[in-house]
file structure-v6.cif (mmCIF, C-alpha atoms and all ligand atoms)
data_structure
#
loop_
_atom_site.label_atom_id
_atom_site.label_comp_id
_atom_site.auth_asym_id
_atom_site.auth_seq_id
_atom_site.Cartn_x
_atom_site.Cartn_y
_atom_site.Cartn_z
CA MET A 1 -89.87 142.29 107.86
CA LYS A 2 -90.08 145.91 108.94
CA VAL A 3 -93.37 147.52 107.92
CA HIS A 4 -93.26 151.17 106.86
CA ASN A 5 -96.52 152.58 108.16
CA PHE A 6 -97.86 155.46 106.05
CA SER A 7 -101.40 155.25 107.48
CA ALA A 8 -103.40 158.50 107.57
CA GLY A 9 -104.90 157.81 110.98
CA PRO A 10 -104.75 156.19 113.42
CA SER A 11 -101.14 156.37 112.48
CA ILE A 12 -97.53 155.70 113.29
CA LEU A 13 -96.09 156.33 116.76
CA PRO A 14 -92.42 156.23 117.77
CA ASP A 15 -91.16 152.68 118.48
CA GLU A 16 -89.95 153.66 121.94
CA VAL A 17 -93.38 155.10 122.79
CA LEU A 18 -95.09 151.83 121.82
CA LYS A 19 -92.62 149.90 123.94
CA GLN A 20 -93.13 152.12 127.00
CA ALA A 21 -96.91 152.07 126.52
CA SER A 22 -97.01 148.28 126.35
CA ASP A 23 -94.85 148.01 129.48
CA ALA A 24 -97.21 150.35 131.34
CA VAL A 25 -100.20 148.23 130.41
CA LYS A 26 -98.57 145.38 132.34
CA ASN A 27 -96.89 147.28 135.16
CA PHE A 28 -97.22 151.01 135.50
CA ASP A 29 -94.72 153.01 137.59
CA ASN A 30 -93.59 149.79 139.31
CA LEU A 31 -96.97 149.55 141.03
CA ASN A 32 -97.44 146.00 139.76
CA LEU A 33 -100.75 147.29 138.46
CA SER A 34 -101.73 148.19 134.94
CA LEU A 35 -102.04 151.81 133.85
CA ILE A 36 -105.56 150.94 132.70
CA GLU A 37 -106.73 149.40 135.96
CA ILE A 38 -105.90 152.14 138.45
CA SER A 39 -107.96 155.15 139.47
CA HIS A 40 -107.66 158.20 137.28
CA ARG A 41 -107.55 160.08 140.59
CA SER A 42 -104.52 158.17 141.86
CA LYS A 43 -101.44 160.34 142.27
CA ASN A 44 -99.66 158.30 139.58
CA PHE A 45 -102.27 159.08 136.95
CA VAL A 46 -102.77 162.68 138.04
CA ALA A 47 -99.01 163.07 137.46
CA VAL A 48 -99.47 161.81 133.89
CA MET A 49 -102.22 164.32 133.17
CA ASP A 50 -100.16 167.14 134.71
CA GLU A 51 -97.08 166.23 132.69
CA ALA A 52 -99.06 165.94 129.45
CA THR A 53 -100.60 169.37 130.03
CA ALA A 54 -97.26 170.94 130.91
CA LEU A 55 -95.57 169.43 127.84
CA VAL A 56 -98.25 170.82 125.52
CA LYS A 57 -97.69 174.31 126.94
CA LYS A 58 -93.93 173.97 126.76
CA LEU A 59 -93.74 172.56 123.24
CA LEU A 60 -96.15 175.15 121.81
CA ASN A 61 -94.56 177.88 123.91
CA LEU A 62 -97.97 179.07 125.09
CA PRO A 63 -98.16 182.22 127.19
CA GLU A 64 -100.24 182.44 130.39
CA GLY A 65 -103.98 182.45 129.96
CA TYR A 66 -104.49 179.19 128.06
CA SER A 67 -106.10 176.00 129.34
CA VAL A 68 -105.07 172.61 127.98
CA LEU A 69 -107.68 169.86 128.01
CA PHE A 70 -107.82 166.19 127.06
CA LEU A 71 -111.40 165.40 126.10
CA GLN A 72 -113.29 162.63 124.32
CA GLY A 73 -115.55 162.48 121.29
CA GLY A 74 -112.78 163.07 118.76
CA ALA A 75 -112.16 166.19 116.75
CA SER A 76 -115.69 165.70 115.45
CA MET A 77 -117.12 166.53 118.89
CA GLN A 78 -115.22 169.82 118.72
CA PHE A 79 -117.21 170.81 115.64
CA THR A 80 -120.22 171.21 117.92
CA MET A 81 -118.41 172.24 121.13
CA VAL A 82 -116.72 175.16 119.39
CA ALA A 83 -120.03 176.39 118.01
CA GLN A 84 -121.95 175.96 121.26
CA ASN A 85 -119.30 177.64 123.40
CA LEU A 86 -118.42 180.52 121.11
CA LEU A 87 -121.47 181.40 119.02
CA LYS A 88 -123.61 184.06 120.66
CA ALA A 89 -127.09 182.83 121.57
CA GLN A 90 -128.56 185.99 119.98
CA ASN A 91 -127.61 186.50 116.33
CA GLY A 92 -124.53 184.31 116.59
CA LYS A 93 -122.28 184.53 113.53
CA ALA A 94 -119.07 182.76 112.59
CA ALA A 95 -116.76 182.70 109.58
CA TYR A 96 -115.32 179.45 108.27
CA THR A 97 -113.02 178.46 105.46
CA GLU A 98 -114.05 175.33 103.58
CA THR A 99 -110.88 173.47 102.71
CA GLY A 100 -111.96 169.85 102.81
CA THR A 101 -114.25 167.18 104.18
CA TRP A 102 -113.52 167.96 107.83
CA ALA A 103 -114.04 171.68 107.36
CA SER A 104 -117.39 170.97 105.67
CA LYS A 105 -118.44 168.86 108.63
CA ALA A 106 -117.44 171.62 111.05
CA ILE A 107 -119.53 174.10 109.04
CA LYS A 108 -122.54 171.78 109.07
CA GLU A 109 -122.46 171.57 112.88
CA ALA A 110 -121.97 175.30 113.40
CA LYS A 111 -125.01 176.00 111.20
CA LEU A 112 -127.15 174.27 113.83
CA PHE A 113 -126.36 177.12 116.25
CA GLY A 114 -125.94 180.27 114.21
CA ASP A 115 -125.12 181.93 110.91
CA VAL A 116 -122.09 180.65 109.11
CA ASN A 117 -120.29 182.80 106.61
CA VAL A 118 -118.13 180.60 104.35
CA LEU A 119 -115.34 182.96 103.41
CA GLY A 120 -113.34 180.85 101.09
CA SER A 121 -113.99 177.44 99.62
CA SER A 122 -111.81 175.27 97.42
CA LYS A 123 -114.62 172.82 96.75
CA ASP A 124 -114.66 173.90 93.09
CA LYS A 125 -111.32 172.13 92.57
CA ASN A 126 -111.85 169.12 94.81
CA PHE A 127 -110.08 170.98 97.64
CA ASN A 128 -106.68 170.89 95.98
CA TYR A 129 -105.71 174.36 97.21
CA ILE A 130 -106.10 176.70 100.19
CA PRO A 131 -108.36 179.71 99.50
CA LYS A 132 -106.66 183.05 100.13
CA GLY A 133 -107.41 186.73 99.93
CA TYR A 134 -110.64 186.73 101.93
CA THR A 135 -111.46 189.33 104.55
CA ILE A 136 -112.66 188.19 107.93
CA PRO A 137 -115.61 190.34 109.03
CA SER A 138 -115.07 192.04 112.38
CA ASP A 139 -118.60 191.25 113.59
CA VAL A 140 -118.31 187.46 113.70
CA ASP A 141 -117.96 185.61 117.00
CA TYR A 142 -114.96 183.69 115.67
CA PHE A 143 -113.07 182.55 112.58
CA HIS A 144 -112.54 178.80 112.05
CA CYS A 145 -109.99 177.15 109.80
CA THR A 146 -108.46 173.70 109.28
CA SER A 147 -104.67 173.92 109.22
CA ASN A 148 -104.07 170.63 107.41
CA ASN A 149 -106.49 168.85 105.12
CA THR A 150 -105.68 165.22 105.78
CA ILE A 151 -107.58 163.82 102.81
CA PHE A 152 -106.52 166.32 100.16
CA GLY A 153 -102.91 166.93 101.19
CA THR A 154 -103.06 170.71 101.58
CA GLN A 155 -101.84 172.77 104.52
CA MET A 156 -102.11 176.40 105.53
CA HIS A 157 -98.64 177.95 105.59
CA GLU A 158 -99.91 181.35 106.65
CA PHE A 159 -102.75 182.35 108.92
CA PRO A 160 -104.76 185.54 108.55
CA ASP A 161 -104.43 188.30 111.13
CA CYS A 162 -107.77 189.32 112.55
CA ASP A 163 -109.47 190.87 115.55
CA VAL A 164 -111.88 188.03 116.22
CA PRO A 165 -110.96 184.79 118.00
CA VAL A 166 -109.19 182.31 115.71
CA VAL A 167 -110.16 178.65 116.05
CA CYS A 168 -108.15 175.99 114.27
CA ASP A 169 -108.65 172.27 113.70
CA MET A 170 -105.04 171.00 113.84
CA SER A 171 -105.94 167.31 114.03
CA SER A 172 -103.46 166.21 111.42
CA ASP A 173 -100.58 168.65 111.89
CA ILE A 174 -100.45 169.55 115.57
CA PHE A 175 -96.82 169.68 116.79
CA CYS A 176 -95.45 169.38 113.23
CA ARG A 177 -93.81 172.83 113.05
CA ASN A 178 -92.66 175.79 115.02
CA MET A 179 -94.85 178.86 114.82
CA ASP A 180 -96.49 181.43 117.04
CA TYR A 181 -99.31 179.42 118.61
CA SER A 182 -100.44 182.41 120.66
CA LYS A 183 -102.10 183.72 117.45
CA PHE A 184 -104.76 181.10 118.03
CA ASP A 185 -107.53 181.36 120.59
CA LEU A 186 -108.68 177.77 120.36
CA ILE A 187 -106.86 174.79 118.86
CA TYR A 188 -108.21 171.26 118.78
CA ALA A 189 -106.82 167.99 117.54
CA GLY A 190 -107.84 164.35 117.72
CA ALA A 191 -104.83 162.52 119.14
CA GLN A 192 -104.69 159.73 116.60
CA LYS A 193 -102.92 161.49 113.72
CA ASN A 194 -99.84 163.06 115.21
CA MET A 195 -99.88 162.50 118.96
CA GLY A 196 -101.21 159.21 120.29
CA PRO A 197 -103.96 156.62 120.11
CA ALA A 198 -107.57 157.39 119.22
CA GLY A 199 -109.75 158.31 122.17
CA ALA A 200 -108.32 161.61 123.37
CA THR A 201 -108.81 165.03 121.84
CA LEU A 202 -106.47 167.83 122.71
CA VAL A 203 -108.11 171.23 123.20
CA ILE A 204 -106.13 174.39 123.88
CA VAL A 205 -108.28 177.37 124.68
CA LYS A 206 -107.61 180.94 125.68
CA ASP A 207 -109.66 181.39 128.83
CA GLU A 208 -110.78 184.94 128.06
CA ILE A 209 -112.84 183.93 125.00
CA LEU A 210 -115.15 181.71 127.06
CA GLY A 211 -118.32 182.57 128.95
CA LYS A 212 -119.50 185.18 126.46
CA SER A 213 -122.09 183.31 124.40
CA GLY A 214 -125.12 183.76 126.66
CA ARG A 215 -126.09 180.23 125.71
CA THR A 216 -127.03 177.30 127.92
CA ILE A 217 -124.46 174.64 127.17
CA PRO A 218 -124.86 170.99 128.24
CA THR A 219 -122.42 170.32 131.09
CA MET A 220 -120.22 167.85 129.21
CA LEU A 221 -119.98 170.14 126.19
CA ASP A 222 -119.02 173.21 128.18
CA TYR A 223 -115.27 173.90 128.13
CA SER A 224 -115.48 175.58 131.51
CA THR A 225 -116.64 172.29 133.11
CA HIS A 226 -113.45 170.60 131.98
CA ILE A 227 -111.21 173.55 132.77
CA LYS A 228 -112.49 173.66 136.36
CA LYS A 229 -111.91 169.94 136.81
CA GLU A 230 -108.58 169.83 134.93
CA SER A 231 -109.90 167.29 132.38
CA MET A 232 -111.14 165.04 135.21
CA PHE A 233 -114.83 165.98 135.34
CA ASN A 234 -115.51 162.40 134.33
CA THR A 235 -113.12 159.52 133.69
CA PRO A 236 -110.59 160.68 131.12
CA PRO A 237 -109.31 158.30 128.41
CA VAL A 238 -106.36 157.25 130.55
CA PHE A 239 -104.51 155.13 128.02
CA ALA A 240 -104.79 157.68 125.22
CA VAL A 241 -103.62 160.48 127.52
CA TYR A 242 -100.69 158.41 128.75
CA VAL A 243 -99.47 157.48 125.28
CA SER A 244 -99.90 161.08 124.10
CA MET A 245 -97.79 162.18 127.05
CA LEU A 246 -95.08 159.69 126.05
CA THR A 247 -95.07 161.05 122.48
CA LEU A 248 -94.78 164.60 123.79
CA ARG A 249 -91.87 163.54 126.00
CA TRP A 250 -90.21 162.00 122.94
CA LEU A 251 -90.67 165.24 121.01
CA ASP A 252 -89.37 167.35 123.86
CA LYS A 253 -86.35 165.15 124.53
CA ASN A 254 -85.28 165.26 120.88
CA GLY A 255 -85.46 169.03 120.51
CA GLY A 256 -89.12 169.98 120.30
CA LEU A 257 -90.82 171.64 117.38
CA SER A 258 -87.69 173.09 115.75
CA TRP A 259 -86.21 169.63 115.55
CA ILE A 260 -89.36 167.98 114.23
CA GLU A 261 -90.07 170.73 111.72
CA LYS A 262 -86.62 170.33 110.20
CA ARG A 263 -87.10 166.58 109.94
CA ASN A 264 -90.63 166.95 108.56
CA ARG A 265 -89.43 169.38 105.89
CA GLU A 266 -86.61 167.07 104.93
CA LYS A 267 -89.03 164.14 104.48
CA ALA A 268 -91.65 166.17 102.59
CA ASP A 269 -89.07 167.86 100.31
CA MET A 270 -87.57 164.51 99.38
CA LEU A 271 -90.91 162.97 98.51
CA TYR A 272 -92.34 165.96 96.60
CA ASN A 273 -89.08 166.21 94.72
CA GLU A 274 -89.47 162.61 93.56
CA ILE A 275 -93.11 163.18 92.57
CA ASP A 276 -92.15 166.27 90.56
CA ASN A 277 -89.18 164.68 88.84
CA ASN A 278 -90.49 161.20 88.23
CA PRO A 279 -92.49 161.11 84.95
CA MET A 280 -94.71 158.30 86.24
CA PHE A 281 -96.30 160.39 89.01
CA VAL A 282 -98.12 163.66 89.50
CA GLY A 283 -98.97 165.49 92.74
CA THR A 284 -102.58 166.48 93.37
CA ALA A 285 -102.22 169.52 95.67
CA ALA A 286 -101.30 173.05 94.53
CA LYS A 287 -97.55 173.36 95.07
CA GLU A 288 -97.66 176.37 97.37
CA ASP A 289 -100.22 174.66 99.61
CA ARG A 290 -98.64 171.23 99.87
CA SER A 291 -98.85 169.48 103.21
CA LEU A 292 -95.85 168.44 105.28
CA MET A 293 -97.94 165.59 106.66
CA ASN A 294 -100.07 164.03 103.91
CA VAL A 295 -98.51 163.74 100.47
CA THR A 296 -101.09 163.00 97.77
CA PHE A 297 -100.17 161.84 94.27
CA LEU A 298 -101.49 159.92 91.28
CA LEU A 299 -100.04 157.59 88.71
CA ASN A 300 -99.92 159.14 85.26
CA ASP A 301 -100.85 155.80 83.78
CA GLU A 302 -103.56 154.11 85.85
CA SER A 303 -103.07 150.85 83.94
CA LYS A 304 -99.80 150.39 85.84
CA LYS A 305 -101.47 150.50 89.23
CA GLU A 306 -101.29 146.79 89.92
CA THR A 307 -97.59 146.73 89.12
CA PHE A 308 -96.80 149.69 91.36
CA ASP A 309 -98.98 148.35 94.19
CA ALA A 310 -97.20 145.01 94.09
CA MET A 311 -93.83 146.77 94.29
CA TRP A 312 -94.55 148.89 97.35
CA LYS A 313 -96.21 146.00 99.16
CA GLU A 314 -93.14 143.91 98.45
CA ALA A 315 -90.98 146.63 100.04
CA GLY A 316 -92.98 146.47 103.29
CA ILE A 317 -94.88 149.70 102.71
CA SER A 318 -98.35 149.90 104.23
CA GLY A 319 -101.18 152.40 104.15
CA ILE A 320 -100.48 154.53 101.06
CA ASN A 321 -103.74 153.97 99.21
CA GLY A 322 -105.36 157.36 98.60
CA HIS A 323 -108.67 158.38 100.12
CA ARG A 324 -111.60 157.52 97.83
CA ASP A 325 -112.30 161.25 97.30
CA VAL A 326 -108.91 161.80 95.68
CA GLY A 327 -107.85 158.35 94.47
CA GLY A 328 -104.24 157.47 93.77
CA TYR A 329 -101.94 157.53 96.75
CA ARG A 330 -101.52 159.34 100.03
CA ALA A 331 -98.31 158.93 101.97
CA SER A 332 -98.86 160.22 105.49
CA ILE A 333 -95.50 161.18 106.90
CA TYR A 334 -96.40 162.31 110.41
CA ASN A 335 -93.87 163.25 113.08
CA ALA A 336 -93.05 159.65 114.04
CA MET A 337 -92.32 158.56 110.45
CA PRO A 338 -88.57 157.93 110.11
CA VAL A 339 -86.65 159.50 107.22
CA GLU A 340 -85.52 155.98 106.25
CA SER A 341 -89.10 154.86 105.54
CA VAL A 342 -89.65 157.80 103.21
CA LYS A 343 -86.43 156.85 101.41
CA ILE A 344 -87.74 153.31 100.91
CA LEU A 345 -90.89 154.68 99.26
CA ILE A 346 -88.78 156.91 97.01
CA ASP A 347 -86.58 153.95 96.06
CA VAL A 348 -89.67 151.98 95.08
CA MET A 349 -90.94 154.89 92.95
CA LYS A 350 -87.57 155.15 91.21
CA SER A 351 -87.26 151.47 90.51
CA PHE A 352 -90.86 151.31 89.28
CA THR A 353 -90.01 153.95 86.71
CA GLN A 354 -86.77 152.28 85.71
CA LYS A 355 -88.48 148.95 85.13
CA HIS A 356 -91.88 150.02 83.83
CA GLY A 357 -91.51 153.61 82.63
C1 LIG B 401 -109.27 162.97 111.32
C2 LIG B 401 -109.69 164.37 111.34
C3 LIG B 401 -110.87 164.79 112.01
C4 LIG B 401 -111.80 163.83 112.68
O1 LIG B 401 -111.24 163.35 113.84
P1 LIG B 401 -112.06 162.37 114.82
O2 LIG B 401 -111.15 162.35 116.02
O3 LIG B 401 -112.16 161.05 114.12
O4 LIG B 401 -113.37 162.95 115.10
C5 LIG B 401 -111.16 166.14 112.01
N1 LIG B 401 -110.38 167.02 111.40
C6 LIG B 401 -109.26 166.67 110.74
C7 LIG B 401 -108.42 167.72 110.08
C8 LIG B 401 -108.88 165.33 110.69
O5 LIG B 401 -107.77 164.96 110.04
#
call {"tool": "encode", "arguments": {"input": "structure-v6.cif", "output": "structure tokens"}}
result
Amino acid sequence: MKVHNFSAGPSILPDEVLKQASDAVKNFDNLNLSLIEISHRSKNFVAVMDEATALVKKLLNLPEGYSVLFLQGGASMQFTMVAQNLLKAQNGKAAYTETGTWASKAIKEAKLFGDVNVLGSSKDKNFNYIPKGYTIPSDVDYFHCTSNNTIFGTQMHEFPDCDVPVVCDMSSDIFCRNMDYSKFDLIYAGAQKNMGPAGATLVIVKDEILGKSGRTIPTMLDYSTHIKKESMFNTPPVFAVYVSMLTLRWLDKNGGLSWIEKRNREKADMLYNEIDNNPMFVGTAAKEDRSLMNVTFLLNDESKKETFDAMWKEAGISGINGHRDVGGYRASIYNAMPVESVKILIDVMKSFTQKHG
């Protein structure tokens, strides 16, 4: 039976990408060697890294002046790398929005290296909305935000204009929509939500913001180390980079971010529409801040949970249990999620209400 994978992360990848990745594990580029047993400095792997980097720049339509890196340590490592590379050694100050668990963790790390001004927090309402209307001080070293709050199902649909560098954790919505990515000075994303397997972290950084902190940064944590060596200072996560490259090829071949945004909106609209119109369910995120990627909802009558759970399992749906901090359900409908799978979930919701409403 086909399984409809709504996992929040690691999460669904396109079928054709999984097929190509598994072939390459056996025999990569007709070398009769595995992708994961050849040198990362071989011309075949260097070509993979170059193509992945070029595809990121093309898909995001980045102007000159940005470096694209594939690092390790997850998005969580970026919480500290961002702070160490950008916070001034003397009186370093940064502004952060606190929109969920990941944002809170980023704040905690930055506080180890400087002053953190939390400009807006939605903690008072269990992070069910995106704070707005704050002013970013002009004397901070950077402003940090989280574009999509994976656990709580909220997403920033607008980004503030400001004079200081803008840093964004896009782990769970990178490549989900078309926008002006040159507004950002540093973007990072763990691969495993919307791009590839766990093990690689994409970092996109505007070169001119680096080298200004006056801080001694450990070699591995210094972006300039990795820029100089084109993500090959040490052994890169070859498999994760390769599969990410395949996903980016898939995106590019199908029409890039305009294509995927249209499809993502179609899926999200369908599902939110069902949540809003079906009396058995209620959404948890503020409507204007709803995520295109993680759709969070609750049952109005918790006593029917077992019945609903049995129905979606029966339909081959996997991975929609909500995060413990929100409860209920979370349907993650990342780029690779087919429209058909979302329709199956909606059918289950409808028939649950018909039979048990
Ligand atoms: C998953 C996630 C992280 C953590 O990613 P790791 O790669 O596991 O460190 C950080 N930020 C956001 C928004 C996430 O969704």
call {"tool": "closest_atom_pairs", "arguments": {"input": "structure-v6.cif", "of": "segment 251-356 of chain A", "to": "segment 163-175 of chain A", "cutoff": "12 Å", "atoms": "all atoms listed in the file", "output": "tab-separated table"}}
result
residue	atom	partner	partner_atom	distance
A:Leu251	CA	A:Phe175	CA	8.7
A:Asp252	CA	A:Phe175	CA	10.5
A:Gly255	CA	A:Phe175	CA	12.0
A:Gly256	CA	A:Phe175	CA	8.5
A:Leu257	CA	A:Phe175	CA	6.3
A:Ser258	CA	A:Phe175	CA	9.8
A:Trp259	CA	A:Phe175	CA	10.7
A:Ile260	CA	A:Phe175	CA	8.1
A:Glu261	CA	A:Phe175	CA	8.5
A:Asn264	CA	A:Asp173	CA	10.6
A:Ser291	CA	A:Asp173	CA	8.9
A:Leu292	CA	A:Asp173	CA	8.1
A:Met293	CA	A:Asp173	CA	6.6
A:Asn294	CA	A:Ser172	CA	8.5
A:Ser332	CA	A:Ser172	CA	9.6
A:Ile333	CA	A:Asp173	CA	10.3
A:Tyr334	CA	A:Asp173	CA	7.7
A:Asn335	CA	A:Phe175	CA	8.0
A:Ala336	CA	A:Phe175	CA	11.1
call {"tool": "write_last_selection", "arguments": {"input": "structure-v6.cif", "atoms": "C-alpha atoms", "output": "PDB file, keeping the file's coordinate frame"}}
result
ATOM      1  CA  LEU A 251     -90.670 165.240 121.010  1.00  0.00           C
ATOM      2  CA  ASP A 252     -89.370 167.350 123.860  1.00  0.00           C
ATOM      3  CA  GLY A 255     -85.460 169.030 120.510  1.00  0.00           C
ATOM      4  CA  GLY A 256     -89.120 169.980 120.300  1.00  0.00           C
ATOM      5  CA  LEU A 257     -90.820 171.640 117.380  1.00  0.00           C
ATOM      6  CA  SER A 258     -87.690 173.090 115.750  1.00  0.00           C
ATOM      7  CA  TRP A 259     -86.210 169.630 115.550  1.00  0.00           C
ATOM      8  CA  ILE A 260     -89.360 167.980 114.230  1.00  0.00           C
ATOM      9  CA  GLU A 261     -90.070 170.730 111.720  1.00  0.00           C
ATOM     10  CA  ASN A 264     -90.630 166.950 108.560  1.00  0.00           C
ATOM     11  CA  SER A 291     -98.850 169.480 103.210  1.00  0.00           C
ATOM     12  CA  LEU A 292     -95.850 168.440 105.280  1.00  0.00           C
ATOM     13  CA  MET A 293     -97.940 165.590 106.660  1.00  0.00           C
ATOM     14  CA  ASN A 294    -100.070 164.030 103.910  1.00  0.00           C
ATOM     15  CA  SER A 332     -98.860 160.220 105.490  1.00  0.00           C
ATOM     16  CA  ILE A 333     -95.500 161.180 106.900  1.00  0.00           C
ATOM     17  CA  TYR A 334     -96.400 162.310 110.410  1.00  0.00           C
ATOM     18  CA  ASN A 335     -93.870 163.250 113.080  1.00  0.00           C
ATOM     19  CA  ALA A 336     -93.050 159.650 114.040  1.00  0.00           C
TER      20      ALA A 336
END
call {"tool": "residues_near_ligand", "arguments": {"input": "structure-v6.cif", "ligand": "ligand LIG 401 (chain B)", "cutoff": "9 Å", "atoms": "all atoms listed in the file", "output": "PDB file with C-alpha atoms, in the frame of the given file"}}
result
ATOM      1  CA  ALA A   8    -103.400 158.500 107.570  1.00  0.00           C
ATOM      2  CA  GLY A   9    -104.900 157.810 110.980  1.00  0.00           C
ATOM      3  CA  PRO A  10    -104.750 156.190 113.420  1.00  0.00           C
ATOM      4  CA  GLN A  72    -113.290 162.630 124.320  1.00  0.00           C
ATOM      5  CA  GLY A  73    -115.550 162.480 121.290  1.00  0.00           C
ATOM      6  CA  GLY A  74    -112.780 163.070 118.760  1.00  0.00           C
ATOM      7  CA  ALA A  75    -112.160 166.190 116.750  1.00  0.00           C
ATOM      8  CA  SER A  76    -115.690 165.700 115.450  1.00  0.00           C
ATOM      9  CA  MET A  77    -117.120 166.530 118.890  1.00  0.00           C
ATOM     10  CA  GLN A  78    -115.220 169.820 118.720  1.00  0.00           C
ATOM     11  CA  PHE A  79    -117.210 170.810 115.640  1.00  0.00           C
ATOM     12  CA  GLY A 100    -111.960 169.850 102.810  1.00  0.00           C
ATOM     13  CA  THR A 101    -114.250 167.180 104.180  1.00  0.00           C
ATOM     14  CA  TRP A 102    -113.520 167.960 107.830  1.00  0.00           C
ATOM     15  CA  ALA A 103    -114.040 171.680 107.360  1.00  0.00           C
ATOM     16  CA  LYS A 105    -118.440 168.860 108.630  1.00  0.00           C
ATOM     17  CA  ALA A 106    -117.440 171.620 111.050  1.00  0.00           C
ATOM     18  CA  THR A 146    -108.460 173.700 109.280  1.00  0.00           C
ATOM     19  CA  SER A 147    -104.670 173.920 109.220  1.00  0.00           C
ATOM     20  CA  ASN A 148    -104.070 170.630 107.410  1.00  0.00           C
ATOM     21  CA  ASN A 149    -106.490 168.850 105.120  1.00  0.00           C
ATOM     22  CA  THR A 150    -105.680 165.220 105.780  1.00  0.00           C
ATOM     23  CA  ILE A 151    -107.580 163.820 102.810  1.00  0.00           C
ATOM     24  CA  ASP A 169    -108.650 172.270 113.700  1.00  0.00           C
ATOM     25  CA  MET A 170    -105.040 171.000 113.840  1.00  0.00           C
ATOM     26  CA  SER A 171    -105.940 167.310 114.030  1.00  0.00           C
ATOM     27  CA  SER A 172    -103.460 166.210 111.420  1.00  0.00           C
ATOM     28  CA  ASP A 173    -100.580 168.650 111.890  1.00  0.00           C
ATOM     29  CA  TYR A 188    -108.210 171.260 118.780  1.00  0.00           C
ATOM     30  CA  ALA A 189    -106.820 167.990 117.540  1.00  0.00           C
ATOM     31  CA  GLY A 190    -107.840 164.350 117.720  1.00  0.00           C
ATOM     32  CA  ALA A 191    -104.830 162.520 119.140  1.00  0.00           C
ATOM     33  CA  GLN A 192    -104.690 159.730 116.600  1.00  0.00           C
ATOM     34  CA  LYS A 193    -102.920 161.490 113.720  1.00  0.00           C
ATOM     35  CA  ALA A 198    -107.570 157.390 119.220  1.00  0.00           C
ATOM     36  CA  GLY A 199    -109.750 158.310 122.170  1.00  0.00           C
ATOM     37  CA  ALA A 200    -108.320 161.610 123.370  1.00  0.00           C
ATOM     38  CA  THR A 201    -108.810 165.030 121.840  1.00  0.00           C
TER      39      THR A 201
END
call {"tool": "residues_around", "arguments": {"input": "structure-v6.cif", "residues": "Val25 of chain A", "least_positions_apart": "2", "cutoff": "6 Å", "atoms": "all atoms listed in the file", "output": "count of residues only"}}
result
5
call {"tool": "atom_distance", "arguments": {"input": "structure-v6.cif", "atom1": "atom CA of Glu302 of chain A", "atom2": "atom CA of Met349 of chain A"}}
result
14.5 Å
call {"tool": "atom_distance", "arguments": {"input": "structure-v6.cif", "atom1": "atom CA of Arg263 of chain A", "atom2": "atom CA of Pro338 of chain A"}}
result
8.8 Å
call {"tool": "closest_atom_pairs", "arguments": {"input": "structure-v6.cif", "of": "segment 81-186 of chain A", "to": "segment 64-71 of chain A", "cutoff": "12 Å", "atoms": "only C-alpha atoms", "output": "Markdown table"}}
result
| residue | atom | partner | partner_atom | distance |
| --- | --- | --- | --- | --- |
| A:Met81 | CA | A:Leu71 | CA | 11.0 |
| A:Tyr181 | CA | A:Tyr66 | CA | 10.8 |
| A:Ser182 | CA | A:Tyr66 | CA | 9.0 |
| A:Lys183 | CA | A:Tyr66 | CA | 11.8 |
| A:Phe184 | CA | A:Tyr66 | CA | 10.2 |
| A:Asp185 | CA | A:Tyr66 | CA | 8.4 |
| A:Leu186 | CA | A:Tyr66 | CA | 8.9 |
call {"tool": "residues_near_point", "arguments": {"input": "structure-v6.cif", "point": "(-97.3, 159.5, 84.0)", "cutoff": "7 Å", "atoms": "all atoms listed in the file", "output": "ChimeraX atom specification"}}
result
/A:279-282,299-301
call {"tool": "closest_residue", "arguments": {"input": "structure-v6.cif", "among": "A:Pro197, A:Ile320, A:Lys212, A:Asn117", "to": "Thr247 of chain A", "atoms": "only C-alpha atoms"}}
result
A:Pro197
call {"tool": "build_atoms", "arguments": {"input": "structure-v6.cif", "residues": "segment 41-48 of chain A", "atoms": "N, CA and C atoms", "output": "short mmCIF file (atom, residue, chain, number, x, y, z; two decimals), in the coordinates of the input"}}
result
data_model
loop_
_atom_site.label_atom_id
_atom_site.label_comp_id
_atom_site.auth_asym_id
_atom_site.auth_seq_id
_atom_site.Cartn_x
_atom_site.Cartn_y
_atom_site.Cartn_z
N ARG A 41 -107.83 159.09 139.55
CA ARG A 41 -107.55 160.08 140.59
C ARG A 41 -106.36 159.68 141.47
N SER A 42 -105.73 158.55 141.12
CA SER A 42 -104.52 158.17 141.86
C SER A 42 -103.42 159.19 141.58
N LYS A 43 -102.47 159.32 142.50
CA LYS A 43 -101.44 160.34 142.27
C LYS A 43 -100.60 160.00 141.04
N ASN A 44 -100.46 158.69 140.76
CA ASN A 44 -99.66 158.30 139.58
C ASN A 44 -100.33 158.75 138.29
N PHE A 45 -101.64 158.62 138.20
CA PHE A 45 -102.27 159.08 136.95
C PHE A 45 -102.40 160.60 136.90
N VAL A 46 -102.69 161.21 138.03
CA VAL A 46 -102.77 162.68 138.04
C VAL A 46 -101.42 163.26 137.56
N ALA A 47 -100.33 162.60 137.92
CA ALA A 47 -99.01 163.07 137.46
C ALA A 47 -98.88 162.98 135.94
N VAL A 48 -99.50 161.96 135.36
CA VAL A 48 -99.47 161.81 133.89
C VAL A 48 -100.22 162.96 133.24
#
